[in-house]
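Worksheet: the structure to be examined is printed underneath.
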Amino acid sequence: MIPEKNVRDMIYLVSCAVNNKIPDKTLVESMNLDDVYSIAASHMLSTCVAFALESAGYQDARSKNTIAMSLRRTSFFQYYLNCMRKAFEEQHIWFMPLKGAVLKDVYPKPGMREFSDFDILFDASREADLSAIMKELGFYCPNENFHYSKTFEKRPFLIFEMHTKLFSNLHDEKIYTYYLDVEKRLNGDGSEKKFTCEDMYLHMIAHEYKHYSFAGTGLRSILDTYIYLVSRKPDMDYVTAEAQKMGIADFEKQNRSLSLHLFGEDELMPEDLDMLNYIISSGAFGTRKNHVENELRQKKWSKLRYMLDKLSVPVRKKNIKYESFSIAYPLFYKHKILLPLLPFYRVFRSMKDGRFKAEANAIKKAK
């Protein structure tokens, strides 16, 4: 199914922005910009739209404010990233910025790449030192439980996700295993490490696949792929061979095809449309409907089996589900006598915040 006009208009403007082309004013005048901005916001692409409109002479308050806010966010994040970089170097803690923290510098203009947080990989043996550094910089940690990542926040909008692993075994086992010895893939003599061009691209694709196969991912991810491919030109023979090891070679190929056809000069191919429509419907952070349908399909479960699993409580430490539950509900796992009450607590909490109804609707509508 070909996307509706508002979606096509948004994609056209984003393509103009990242390819340094001025949009056709006649086409812009035919657009419903309120709807275009609304769709762009759901995929974290509003700034690209604003840059495109500005280049065409549409310098309205909304576009100016969108660009100004993105530049402000980017500058604040970069300032604290630089502070962290200095502290890590002084204390000889190796680290590596990931994803948006790197990709923001690959886009054609500062502030064009939107993000909600910065992700950083760091030396797992220096967790205590990391926490001290972040506290010194004025960040607080809303949840002290540490699995393989910990979030640090600073109001009003700064969020840093600090990781000791790139992937958890709660997700895809092949990808998790592939990145277990990630330090062997890092370059750099000092504290700050980097991936090669190809390994950076592979991590982008693996991370995108994690979200795509879980609850869906948005058009910003496809745009990241396009920007990186055309600007960095990774060795695709190496990429394909390594993606095969992770079991995501087909996904990488399809994702690459869609990105180049959607934002490049070539026409979309019929085989691109299913992936495109799934991504458009997912928004930037996926949907509960996608998650339910993906889990039912991947595990070959019935809807009843899915619901029973949601009410089960893992008690064995070697169980992957146990690992996630022990992090999400530490009180119950610290005091195991309370474990029989956990299903009731989960239902009560999900009813209170509306997730129970949303989950029930998603299960009901699942194909």
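We label chains A, B, ... in the order they appear in the structure tokens, count residues from 1 in each chain, and number ligands from 1 in the order shown.
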
Next item on the list: Skip region 314-317 of chain A itself and residues of its chain fewer than 3 positions away, then list as a ChimeraX atom specification all residues within 9 Å of it, counting only C-alpha atoms.
Entry: /A:320-323,325-326,333,336,339

*Got a sec: who's within 10 Å of region 70-87 of chain A, counting only C-alpha atoms, leaving out chain neighbours fewer than 4 positions off, as a ChimeraX atom specification?*
/A:46-47,65-66,91-97,101,104,109-118,120,129-130,133-134,137,157-160,191-192

**Request:** Could you give me the residues within region 15-213 of chain A that DSSP places in alpha helix (DSSP H), as a PyMOL selection string?
**Result:** chain A and resi 15-18+25-29+33-42+46-55+61-90+100-103+127-136+173-178+197-213

| Exercise: Arg288 (chain A) partners within 7 Å, only C-alpha atoms, chain neighbours under 3 positions left out, as a PyMOL selection string | chain A and resi 215+291-292+359+362

Could the residues in this selection be written to a file with C-alpha atoms, as a short mmCIF file (atom, residue, chain, number, x, y, z; two decimals), in the first residue's frame?
```cif
data_model
loop_
_atom_site.label_atom_id
_atom_site.label_comp_id
_atom_site.auth_asym_id
_atom_site.auth_seq_id
_atom_site.Cartn_x
_atom_site.Cartn_y
_atom_site.Cartn_z
CA ALA A 215 7.59 -3.29 18.71
CA HIS A 291 4.90 -5.97 20.09
CA VAL A 292 2.00 -8.34 20.74
CA GLU A 359 -2.54 -4.53 26.24
CA ALA A 362 -3.72 -5.11 21.40
#
```

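Of the listed residues (A:Tyr179, A:Tyr37, A:Tyr278, A:Phe214), A:Tyr37 comes nearest to Ala50 (chain A); the distances count only C-alpha atoms.
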
For this session: Please identify all polymer residues within 12 Å of Leu53 (chain A), counting only C-alpha atoms, omitting same-chain residues fewer than 3 positions from it, and present them as a PyMOL selection string.
Result: chain A and resi 9-10+12-17+20-25+27-29+31+33+36-37+46-50+56-64+66-67

Could those selected residues go to a file with C-alpha atoms, as a compact mmCIF listing (two decimals), in the first residue's frame?
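Written output follows (result26.txt):
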```txt
# COMPACT_ATOMS: atom_id res chain seq x y z
CA ASP A 9 4.84 15.08 1.68
CA MET A 10 6.72 14.65 4.94
CA TYR A 12 9.69 14.57 0.43
CA LEU A 13 10.58 17.45 2.75
CA VAL A 14 12.92 15.28 4.83
CA SER A 15 14.61 14.05 1.65
CA CYS A 16 15.10 17.65 0.51
CA ALA A 17 16.61 18.60 3.87
CA ASN A 20 20.48 19.88 0.43
CA LYS A 21 17.68 20.47 -2.07
CA ILE A 22 15.16 23.31 -1.99
CA PRO A 23 11.58 22.00 -2.00
CA ASP A 24 9.31 22.94 -4.88
CA LYS A 25 7.17 25.82 -3.61
CA LEU A 27 4.32 21.30 -3.91
CA VAL A 28 4.72 22.93 -0.50
CA GLU A 29 1.67 25.14 -1.09
CA MET A 31 0.63 20.47 1.67
CA LEU A 33 1.66 21.47 7.05
CA VAL A 36 2.92 16.98 7.97
CA TYR A 37 4.43 18.30 11.20
CA SER A 46 10.28 17.68 12.72
CA THR A 47 13.62 19.47 12.52
CA CYS A 48 14.33 18.04 9.06
CA VAL A 49 10.93 19.31 7.91
CA ALA A 50 11.63 22.72 9.43
CA ALA A 56 12.10 27.21 0.58
CA GLY A 57 11.40 30.54 2.27
CA TYR A 58 8.75 29.36 4.74
CA GLN A 59 10.28 30.94 7.84
CA ASP A 60 7.23 30.83 10.06
CA ALA A 61 7.36 30.81 13.86
CA ARG A 62 6.90 27.04 14.06
CA SER A 63 9.87 26.25 11.81
CA LYS A 64 12.10 28.79 13.53
CA THR A 66 11.65 23.85 15.95
CA ILE A 67 15.16 24.53 14.66
```

* Asked: Which polymer residues have any atom within 10 Å of an atom of Glu265 (chain A), counting only C-alpha atoms, with same-chain residues fewer than 4 positions away left out, as number ranges by chain?
  -> A: 15, 19, 260-261

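Between CA of Asn290 (chain A) and CA of Val7 (chain A) lies a distance of 19.7 Å.
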
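Put simply, CA of Gly216 (chain A) is 26.5 Å away from CA of Phe51 (chain A).
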
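The interatomic distance for the pair CA of Glu89 (chain A) and CA of Asp224 (chain A) works out to 28.9 Å.
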
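Here the strand (DSSP E) residues in region 118-209 of chain A, by DSSP on the backbone, are Phe118, Asp119, Ile120, Leu121, Phe122, Ser149, Lys150, Thr151, Phe152, Glu153, Lys154, Leu158, Ile159, Phe160, Glu161, Met162 and His163 of chain A.
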